[in-house]
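Novice: Contents of upload_35.pdb (PDB, C-alpha atoms, pLDDT in the B column) are below:
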```pdb
ATOM      1  CA  MET A  16     106.525 -26.314 112.245  1.00 56.00           C
ATOM      2  CA  SER A  17     106.317 -28.613 109.242  1.00 65.00           C
ATOM      3  CA  GLU A  18     109.369 -29.376 107.147  1.00 72.00           C
ATOM      4  CA  LYS A  19     109.271 -28.693 103.432  1.00 79.00           C
ATOM      5  CA  PHE A  20     111.027 -31.227 101.223  1.00 86.00           C
ATOM      6  CA  ALA A  21     112.272 -30.513  97.724  1.00 91.00           C
ATOM      7  CA  ASN A  22     110.853 -32.467  94.807  1.00 95.00           C
ATOM      8  CA  SER A  23     113.615 -34.972  94.084  1.00 96.00           C
ATOM      9  CA  ALA A  24     111.860 -36.535  91.066  1.00 97.00           C
ATOM     10  CA  PRO A  25     113.467 -34.197  88.468  1.00 98.00           C
ATOM     11  CA  LEU A  26     116.922 -35.344  89.585  1.00 98.00           C
ATOM     12  CA  GLY A  27     115.875 -38.965  89.132  1.00 98.00           C
ATOM     13  CA  LEU A  28     114.312 -38.272  85.740  1.00 98.00           C
ATOM     14  CA  LEU A  29     117.390 -36.443  84.491  1.00 98.00           C
ATOM     15  CA  ALA A  30     119.732 -39.155  85.801  1.00 98.00           C
ATOM     16  CA  PHE A  31     117.661 -41.753  83.972  1.00 98.00           C
ATOM     17  CA  SER A  32     117.458 -39.571  80.866  1.00 98.00           C
ATOM     18  CA  LEU A  33     121.104 -38.748  80.340  1.00 98.00           C
ATOM     19  CA  THR A  34     122.309 -42.264  81.055  1.00 98.00           C
ATOM     20  CA  THR A  35     119.681 -43.827  78.766  1.00 98.00           C
ATOM     21  CA  VAL A  36     120.429 -41.510  75.844  1.00 98.00           C
ATOM     22  CA  LEU A  37     124.186 -42.075  76.102  1.00 97.00           C
ATOM     23  CA  LEU A  38     123.800 -45.861  76.285  1.00 96.00           C
ATOM     24  CA  THR A  39     121.386 -46.011  73.358  1.00 96.00           C
ATOM     25  CA  LEU A  40     123.800 -43.989  71.217  1.00 97.00           C
ATOM     26  CA  VAL A  41     125.944 -47.131  71.433  1.00 95.00           C
ATOM     27  CA  ASN A  42     123.067 -49.101  69.871  1.00 93.00           C
ATOM     28  CA  ILE A  43     122.928 -46.844  66.824  1.00 93.00           C
ATOM     29  CA  GLY A  44     126.699 -47.124  66.390  1.00 92.00           C
ATOM     30  CA  MET A  45     127.770 -43.600  67.338  1.00 95.00           C
ATOM     31  CA  PHE A  46     130.562 -44.982  69.558  1.00 95.00           C
ATOM     32  CA  PRO A  47     131.420 -48.289  71.251  1.00 94.00           C
ATOM     33  CA  LEU A  48     130.583 -49.240  74.816  1.00 93.00           C
ATOM     34  CA  ASN A  49     133.290 -47.643  76.964  1.00 95.00           C
ATOM     35  CA  SER A  50     134.148 -46.358  80.441  1.00 96.00           C
ATOM     36  CA  MET A  51     132.072 -43.192  79.914  1.00 97.00           C
ATOM     37  CA  ILE A  52     128.903 -45.305  79.747  1.00 96.00           C
ATOM     38  CA  LEU A  53     129.954 -47.437  82.712  1.00 96.00           C
ATOM     39  CA  ALA A  54     130.785 -44.376  84.811  1.00 97.00           C
ATOM     40  CA  MET A  55     127.418 -42.779  83.972  1.00 98.00           C
ATOM     41  CA  GLY A  56     125.689 -46.059  84.793  1.00 97.00           C
ATOM     42  CA  ILE A  57     127.343 -46.287  88.201  1.00 98.00           C
ATOM     43  CA  VAL A  58     127.297 -42.663  89.321  1.00 98.00           C
ATOM     44  CA  TYR A  59     124.412 -40.785  87.706  1.00 98.00           C
ATOM     45  CA  GLY A  60     122.119 -43.533  86.487  1.00 98.00           C
ATOM     46  CA  GLY A  61     122.800 -45.726  89.507  1.00 98.00           C
ATOM     47  CA  VAL A  62     123.815 -43.949  92.703  1.00 98.00           C
ATOM     48  CA  ALA A  63     121.907 -40.720  91.965  1.00 98.00           C
ATOM     49  CA  GLN A  64     118.630 -42.548  91.365  1.00 98.00           C
ATOM     50  CA  VAL A  65     119.030 -44.643  94.514  1.00 98.00           C
ATOM     51  CA  ILE A  66     119.544 -41.414  96.472  1.00 98.00           C
ATOM     52  CA  VAL A  67     116.396 -39.991  94.843  1.00 98.00           C
ATOM     53  CA  GLY A  68     114.507 -43.130  95.843  1.00 98.00           C
ATOM     54  CA  VAL A  69     115.531 -42.585  99.468  1.00 97.00           C
ATOM     55  CA  MET A  70     114.476 -38.930  99.239  1.00 97.00           C
ATOM     56  CA  GLU A  71     111.100 -39.951  97.801  1.00 97.00           C
ATOM     57  CA  TYR A  72     110.693 -42.358 100.723  1.00 96.00           C
ATOM     58  CA  ARG A  73     111.228 -39.429 103.100  1.00 93.00           C
ATOM     59  CA  ARG A  74     108.465 -37.546 101.267  1.00 93.00           C
ATOM     60  CA  GLY A  75     106.109 -40.521 101.663  1.00 94.00           C
ATOM     61  CA  ASN A  76     105.976 -41.254  97.917  1.00 95.00           C
ATOM     62  CA  THR A  77     105.754 -45.043  97.517  1.00 97.00           C
ATOM     63  CA  PHE A  78     105.640 -44.875  93.707  1.00 97.00           C
ATOM     64  CA  GLY A  79     108.705 -42.609  93.495  1.00 97.00           C
ATOM     65  CA  THR A  80     110.625 -44.711  96.010  1.00 98.00           C
ATOM     66  CA  THR A  81     109.923 -47.914  94.093  1.00 98.00           C
ATOM     67  CA  VAL A  82     110.660 -46.455  90.665  1.00 98.00           C
ATOM     68  CA  PHE A  83     113.827 -44.485  91.342  1.00 98.00           C
ATOM     69  CA  THR A  84     115.439 -47.014  93.685  1.00 98.00           C
ATOM     70  CA  SER A  85     114.665 -49.835  91.247  1.00 98.00           C
ATOM     71  CA  PHE A  86     115.998 -48.009  88.198  1.00 98.00           C
ATOM     72  CA  GLY A  87     119.090 -46.907  90.101  1.00 98.00           C
ATOM     73  CA  LEU A  88     119.742 -50.533  90.965  1.00 98.00           C
ATOM     74  CA  PHE A  89     118.981 -51.493  87.353  1.00 98.00           C
ATOM     75  CA  TRP A  90     121.861 -49.319  86.176  1.00 98.00           C
ATOM     76  CA  LEU A  91     124.201 -50.707  88.833  1.00 98.00           C
ATOM     77  CA  SER A  92     123.257 -54.284  87.943  1.00 98.00           C
ATOM     78  CA  PHE A  93     123.664 -53.557  84.221  1.00 97.00           C
ATOM     79  CA  VAL A  94     127.197 -52.271  84.784  1.00 96.00           C
ATOM     80  CA  ALA A  95     127.915 -55.303  86.976  1.00 95.00           C
ATOM     81  CA  LEU A  96     126.740 -57.631  84.178  1.00 94.00           C
ATOM     82  CA  ILE A  97     129.322 -56.051  81.880  1.00 92.00           C
ATOM     83  CA  MET A  98     132.197 -55.826  84.361  1.00 92.00           C
ATOM     84  CA  LEU A  99     131.959 -58.987  86.508  1.00 90.00           C
ATOM     85  CA  PRO A 100     133.105 -61.468  83.818  1.00 88.00           C
ATOM     86  CA  SER A 101     136.342 -59.505  83.309  1.00 85.00           C
ATOM     87  CA  MET A 102     137.218 -59.201  87.011  1.00 83.00           C
ATOM     88  CA  SER A 103     139.844 -61.632  88.260  1.00 76.00           C
ATOM     89  CA  ILE A 104     138.079 -62.232  91.584  1.00 80.00           C
ATOM     90  CA  PHE A 105     135.142 -63.764  89.683  1.00 72.00           C
ATOM     91  CA  THR A 106     137.133 -66.333  87.728  1.00 76.00           C
ATOM     92  CA  GLY A 107     134.919 -68.816  85.941  1.00 77.00           C
ATOM     93  CA  ILE A 108     131.857 -66.579  85.729  1.00 82.00           C
ATOM     94  CA  GLY A 109     131.095 -65.994  82.078  1.00 86.00           C
ATOM     95  CA  ALA A 110     129.312 -63.140  80.375  1.00 89.00           C
ATOM     96  CA  PRO A 111     125.529 -63.567  80.153  1.00 92.00           C
ATOM     97  CA  THR A 112     124.191 -65.354  77.075  1.00 94.00           C
ATOM     98  CA  GLY A 113     121.740 -63.780  74.683  1.00 93.00           C
ATOM     99  CA  ASN A 114     118.881 -65.680  76.304  1.00 96.00           C
ATOM    100  CA  ALA A 115     120.007 -64.540  79.761  1.00 96.00           C
ATOM    101  CA  MET A 116     120.052 -60.896  78.671  1.00 96.00           C
ATOM    102  CA  ALA A 117     116.696 -61.355  76.919  1.00 96.00           C
ATOM    103  CA  SER A 118     115.244 -62.616  80.209  1.00 98.00           C
ATOM    104  CA  TYR A 119     116.856 -59.722  82.085  1.00 98.00           C
ATOM    105  CA  PHE A 120     115.406 -57.087  79.746  1.00 98.00           C
ATOM    106  CA  PHE A 121     112.021 -58.821  79.581  1.00 98.00           C
ATOM    107  CA  MET A 122     111.627 -58.778  83.366  1.00 98.00           C
ATOM    108  CA  TRP A 123     112.559 -55.087  83.486  1.00 98.00           C
ATOM    109  CA  GLY A 124     110.050 -54.446  80.688  1.00 98.00           C
ATOM    110  CA  LEU A 125     107.367 -56.278  82.641  1.00 98.00           C
ATOM    111  CA  PHE A 126     108.215 -54.276  85.768  1.00 98.00           C
ATOM    112  CA  THR A 127     108.020 -50.989  83.852  1.00 98.00           C
ATOM    113  CA  PHE A 128     104.775 -51.948  82.109  1.00 98.00           C
ATOM    114  CA  ALA A 129     103.165 -52.844  85.450  1.00 98.00           C
ATOM    115  CA  LEU A 130     104.204 -49.515  86.964  1.00 98.00           C
ATOM    116  CA  PHE A 131     102.932 -47.694  83.864  1.00 98.00           C
ATOM    117  CA  PHE A 132      99.440 -48.129  85.339  1.00 97.00           C
ATOM    118  CA  GLY A 133     100.567 -46.018  88.290  1.00 96.00           C
ATOM    119  CA  THR A 134     101.094 -43.099  85.897  1.00 97.00           C
ATOM    120  CA  LEU A 135      97.507 -43.026  84.658  1.00 96.00           C
ATOM    121  CA  LYS A 136      96.533 -40.532  87.358  1.00 92.00           C
ATOM    122  CA  ALA A 137      99.666 -38.413  86.949  1.00 94.00           C
ATOM    123  CA  SER A 138     100.520 -36.711  83.647  1.00 97.00           C
ATOM    124  CA  ARG A 139     100.692 -37.576  79.973  1.00 97.00           C
ATOM    125  CA  SER A 140     104.404 -36.734  80.045  1.00 98.00           C
ATOM    126  CA  LEU A 141     105.078 -39.338  82.740  1.00 98.00           C
ATOM    127  CA  GLN A 142     102.962 -41.861  80.847  1.00 98.00           C
ATOM    128  CA  LEU A 143     105.133 -41.308  77.781  1.00 98.00           C
ATOM    129  CA  VAL A 144     108.303 -41.909  79.814  1.00 98.00           C
ATOM    130  CA  PHE A 145     107.023 -45.227  81.153  1.00 98.00           C
ATOM    131  CA  ALA A 146     105.486 -46.387  77.869  1.00 98.00           C
ATOM    132  CA  THR A 147     108.675 -45.736  75.890  1.00 98.00           C
ATOM    133  CA  THR A 148     110.814 -47.320  78.623  1.00 98.00           C
ATOM    134  CA  ALA A 149     108.711 -50.497  78.588  1.00 98.00           C
ATOM    135  CA  VAL A 150     108.912 -50.671  74.780  1.00 98.00           C
ATOM    136  CA  LEU A 151     112.689 -50.159  74.951  1.00 98.00           C
ATOM    137  CA  PHE A 152     113.121 -53.087  77.343  1.00 98.00           C
ATOM    138  CA  PHE A 153     110.909 -55.359  75.257  1.00 97.00           C
ATOM    139  CA  VAL A 154     112.755 -54.490  72.011  1.00 96.00           C
ATOM    140  CA  LEU A 155     116.081 -55.187  73.757  1.00 96.00           C
ATOM    141  CA  ALA A 156     114.678 -58.494  75.008  1.00 96.00           C
ATOM    142  CA  VAL A 157     113.638 -59.576  71.500  1.00 95.00           C
ATOM    143  CA  SER A 158     116.952 -58.353  70.083  1.00 94.00           C
ATOM    144  CA  ASN A 159     118.937 -60.465  72.542  1.00 94.00           C
ATOM    145  CA  PHE A 160     116.652 -63.478  72.139  1.00 95.00           C
ATOM    146  CA  THR A 161     116.943 -63.480  68.334  1.00 93.00           C
ATOM    147  CA  GLY A 162     120.607 -62.539  68.239  1.00 91.00           C
ATOM    148  CA  ASN A 163     119.800 -59.044  66.928  1.00 85.00           C
ATOM    149  CA  ALA A 164     118.040 -60.403  63.837  1.00 81.00           C
ATOM    150  CA  ALA A 165     117.432 -58.019  60.951  1.00 79.00           C
ATOM    151  CA  LEU A 166     113.988 -56.464  60.535  1.00 79.00           C
ATOM    152  CA  ILE A 167     114.388 -55.092  56.998  1.00 70.00           C
ATOM    153  CA  GLY A 168     117.627 -55.637  55.126  1.00 72.00           C
ATOM    154  CA  ASN A 169     120.473 -54.442  57.331  1.00 74.00           C
ATOM    155  CA  PHE A 170     118.222 -52.656  59.812  1.00 77.00           C
ATOM    156  CA  ARG A 171     118.801 -54.351  63.177  1.00 89.00           C
ATOM    157  CA  LEU A 172     116.683 -54.560  66.300  1.00 93.00           C
ATOM    158  CA  ASN A 173     119.498 -52.998  68.321  1.00 91.00           C
ATOM    159  CA  THR A 174     119.361 -49.969  66.032  1.00 93.00           C
ATOM    160  CA  LEU A 175     115.607 -49.718  66.567  1.00 93.00           C
ATOM    161  CA  ALA A 176     116.239 -49.949  70.338  1.00 95.00           C
ATOM    162  CA  GLY A 177     118.784 -47.155  69.987  1.00 95.00           C
ATOM    163  CA  TYR A 178     116.400 -44.704  68.351  1.00 96.00           C
ATOM    164  CA  GLU A 179     113.536 -45.700  70.628  1.00 97.00           C
ATOM    165  CA  GLY A 180     115.853 -45.263  73.619  1.00 97.00           C
ATOM    166  CA  ILE A 181     116.704 -41.746  72.496  1.00 98.00           C
ATOM    167  CA  LEU A 182     112.966 -40.941  72.385  1.00 98.00           C
ATOM    168  CA  CYS A 183     112.576 -42.516  75.837  1.00 98.00           C
ATOM    169  CA  GLY A 184     115.525 -40.605  77.280  1.00 98.00           C
ATOM    170  CA  PHE A 185     114.454 -37.249  75.904  1.00 98.00           C
ATOM    171  CA  SER A 186     110.884 -37.732  77.140  1.00 98.00           C
ATOM    172  CA  ALA A 187     112.325 -38.137  80.659  1.00 98.00           C
ATOM    173  CA  PHE A 188     114.622 -35.154  80.037  1.00 98.00           C
ATOM    174  CA  TYR A 189     111.664 -32.965  79.052  1.00 98.00           C
ATOM    175  CA  LEU A 190     109.659 -33.936  82.128  1.00 98.00           C
ATOM    176  CA  GLY A 191     112.615 -33.437  84.486  1.00 98.00           C
ATOM    177  CA  VAL A 192     113.428 -29.992  83.107  1.00 98.00           C
ATOM    178  CA  ALA A 193     109.727 -29.044  83.036  1.00 98.00           C
ATOM    179  CA  GLU A 194     109.306 -29.891  86.721  1.00 98.00           C
ATOM    180  CA  VAL A 195     112.355 -27.810  87.663  1.00 98.00           C
ATOM    181  CA  LEU A 196     111.399 -24.784  85.571  1.00 98.00           C
ATOM    182  CA  ASN A 197     107.704 -24.859  86.492  1.00 98.00           C
ATOM    183  CA  GLU A 198     108.556 -24.921  90.184  1.00 96.00           C
ATOM    184  CA  THR A 199     111.275 -22.269  89.854  1.00 97.00           C
ATOM    185  CA  TYR A 200     109.038 -19.805  87.996  1.00 98.00           C
ATOM    186  CA  LYS A 201     105.861 -20.788  89.897  1.00 96.00           C
ATOM    187  CA  LYS A 202     103.984 -21.114  86.617  1.00 97.00           C
ATOM    188  CA  THR A 203     103.757 -23.476  83.651  1.00 97.00           C
ATOM    189  CA  VAL A 204     106.839 -22.855  81.553  1.00 98.00           C
ATOM    190  CA  LEU A 205     106.779 -26.304  79.954  1.00 98.00           C
ATOM    191  CA  PRO A 206     103.443 -28.163  80.107  1.00 98.00           C
ATOM    192  CA  VAL A 207     103.431 -31.720  81.503  1.00 97.00           C
ATOM    193  CA  PHE A 208      99.806 -32.341  80.492  1.00 97.00           C
ATOM    194  CA  PRO A 209      98.323 -33.437  83.826  1.00 95.00           C
ATOM    195  CA  VAL A 210      95.498 -35.941  83.797  1.00 92.00           C
ATOM    196  CA  THR A 211      92.188 -34.345  84.701  1.00 82.00           C
ATOM    197  CA  GLY A 212      89.089 -35.962  86.125  1.00 63.00           C
ATOM    198  CA  PRO A 213      88.649 -38.811  88.624  1.00 59.00           C
TER     199      PRO A 213
END
```
When written as structure tokens, how does the structure in this file appear?
Specialist:
Amino acid sequence: MSEKFANSAPLGLLAFSLTTVLLTLVNIGMFPLNSMILAMGIVYGGVAQVIVGVMEYRRGNTFGTTVFTSFGLFWLSFVALIMLPSMSIFTGIGAPTGNAMASYFFMWGLFTFALFFGTLKASRSLQLVFATTAVLFFVLAVSNFTGNAALIGNFRLNTLAGYEGILCGFSAFYLGVAEVLNETYKKTVLPVFPVTGP
């Protein structure tokens, strides 16, 4: 008898989606960074995606294991970057500088861009998720490197990152929900636009 494993990718996509949208709402000024964001980053964005990565490993999916485990650990490291400087046991460790955060976001953008090429045989929906995620990281990198310099008048790079992050998050949300509904109904309820051909 062969075991049948559930598709864990929708859980990972939705964990990434919800956490990304909520964090980028901070960038557009809807509310300040607070414990809600940190809790989402630790539990849903972080732990949930690491669990999905382990589940993808069990299914033999190298791409899914790499992506979901890495992004889960991204969220945990991001929360740690915010919290460590204020914890008494880490006395003397300061908050990261703008250049440090620019380097952090740039490396994550490079990672995402490299893995984007792994989506070229998957679906257009997954390509959109990776493309918008890479752009988000690169905009955040430039924003931190320049000190959030204005683009036009009072329009800031962080604001651009916020709106782009909402697009990124909802593209992952769409794909996650589509995979759940399409499997549940055993037909295409929401198209994911699979790549055809060799």
Novice: Do a neighbour search on A:Arg171 at 10 Å with all atoms listed in the file, toss out local chain neighbours closer than 6 positions, and write the hits as a PyMOL selection string.
Specialist: chain A and resi 42-43+158+162-165+177
Novice: Determine the residue membership of the PyMOL selection byres ((chain A and resi 174) around 12) for the file above and supply it as JSON, numbers by chain.
Specialist: {"A": [38, 39, 40, 41, 42, 43, 44, 45, 151, 154, 155, 158, 163, 164, 165, 166, 167, 169, 170, 171, 172, 173, 175, 176, 177, 178, 179, 180, 181]}
Novice: Find the distance between atom CA of A:Phe86 and atom CA of A:Ala21 and write it in Å to one decimal.
Specialist: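 Atom-to-atom, atom CA of A:Phe86 to atom CA of A:Ala21, that is 20.3 Å.
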Novice: What lies within 9 Å of A:Val192 using all atoms listed in the file, ignoring chain neighbours under 6 positions off, as a PyMOL selection string?
Specialist: chain A and resi 25+28-29+205
Novice: So what does the PyMOL selection byres ((chain A and resi 88-93) around 8) actually pick up in this one, as JSON, numbers by chain?
Specialist: {"A": [56, 57, 60, 61, 62, 65, 84, 85, 86, 87, 94, 95, 96, 97]}
Novice: Compile the contact shell of A:Phe126 as an MDAnalysis selection string: residues with an atom at most 10 Å away, counting only C-alpha atoms, same-chain residues fewer than 6 positions apart removed.
Specialist: chainID A and resid 82 85 120 149 152
Novice: Can you list, as JSON, numbers by chain, every protein, DNA or RNA residue that comes within 8 Å of A:Phe128 when you count all atoms listed in the file, leaving out same-chain residues fewer than 2 positions away?
Specialist: {"A": [124, 125, 126, 130, 131, 132, 145, 146, 149]}
Novice: What's the 10 Å shell around A:Ala137, counting all atoms listed in the file, without same-chain residues fewer than 6 positions away, as a PDB file with C-alpha atoms, in the frame of the given file?
Specialist:
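For reference, out-v4.pdb as written:
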```pdb
ATOM      1  CA  VAL A 207     103.431 -31.720  81.503  1.00 97.00           C
ATOM      2  CA  PHE A 208      99.806 -32.341  80.492  1.00 97.00           C
ATOM      3  CA  PRO A 209      98.323 -33.437  83.826  1.00 95.00           C
ATOM      4  CA  VAL A 210      95.498 -35.941  83.797  1.00 92.00           C
ATOM      5  CA  THR A 211      92.188 -34.345  84.701  1.00 82.00           C
TER       6      THR A 211
END
```
Novice: Please evaluate the PyMOL selection byres ((chain A and resi 111) around 12) against the structure above and give the resulting residues as a PyMOL selection string.
Specialist: chain A and resi 93+95-101+108-110+112-119+159-160
Novice: Atom CA of A:Phe46 to atom CA of A:Phe31: how many Å, to one decimal?
Specialist: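 Those two atoms sit 19.6 Å apart.
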Novice: Measure the distance from atom CA of A:Gly168 to atom CA of A:Val36 in Å and round it to one decimal.
Specialist: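 Atom-to-atom, atom CA of A:Gly168 and atom CA of A:Val36 are spaced 25.2 Å apart.
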Novice: Between A:Phe78, A:Phe20, A:Phe83, A:Ile52, which has the minimum distance to A:Lys136 (counting all atoms listed in the file)?
Specialist: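 Among the listed residues, the smallest separation from A:Lys136 belongs to A:Phe78.
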Novice: Padding of 4 Å on every side, edges along x, y and z, all listed atoms of stretch 135-147 of chain A included: what centre and edge lengths in Å, to one decimal, does that box have, as lines of an AutoDock Vina configuration file?
Specialist:
```
center_x = 102.6
center_y = -41.5
center_z = 81.6
size_x = 20.1
size_y = 17.7
size_z = 19.5
```
Novice: From the set A:Val195, A:Met122, A:Ala129, A:Leu135, which residue has the shortest atom-to-atom contact distance to A:Phe153, counting only C-alpha atoms?
Specialist: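 Using only C-alpha atoms, the shortest distance to A:Phe153 belongs to A:Met122.
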Novice: If I put a ball of radius 6 Å at (114.1, -36.9, 96.1) in the file's coordinates, which residues poke into it when counting only C-alpha atoms, written as a PDB file with C-alpha atoms, in the frame of the given file?
Specialist:
```
ATOM      1  CA  ASN A  22     110.853 -32.467  94.807  1.00 95.00           C
ATOM      2  CA  SER A  23     113.615 -34.972  94.084  1.00 96.00           C
ATOM      3  CA  ALA A  24     111.860 -36.535  91.066  1.00 97.00           C
ATOM      4  CA  VAL A  67     116.396 -39.991  94.843  1.00 98.00           C
ATOM      5  CA  MET A  70     114.476 -38.930  99.239  1.00 97.00           C
ATOM      6  CA  GLU A  71     111.100 -39.951  97.801  1.00 97.00           C
TER       7      GLU A  71
END
```
Novice: I'd like to know which of A:Met55, A:Gly27, A:Val157, A:Thr34 is closest to A:Cys183, using all atoms listed in the file.
Specialist: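 For A:Cys183, the nearest of the candidates is A:Thr34.
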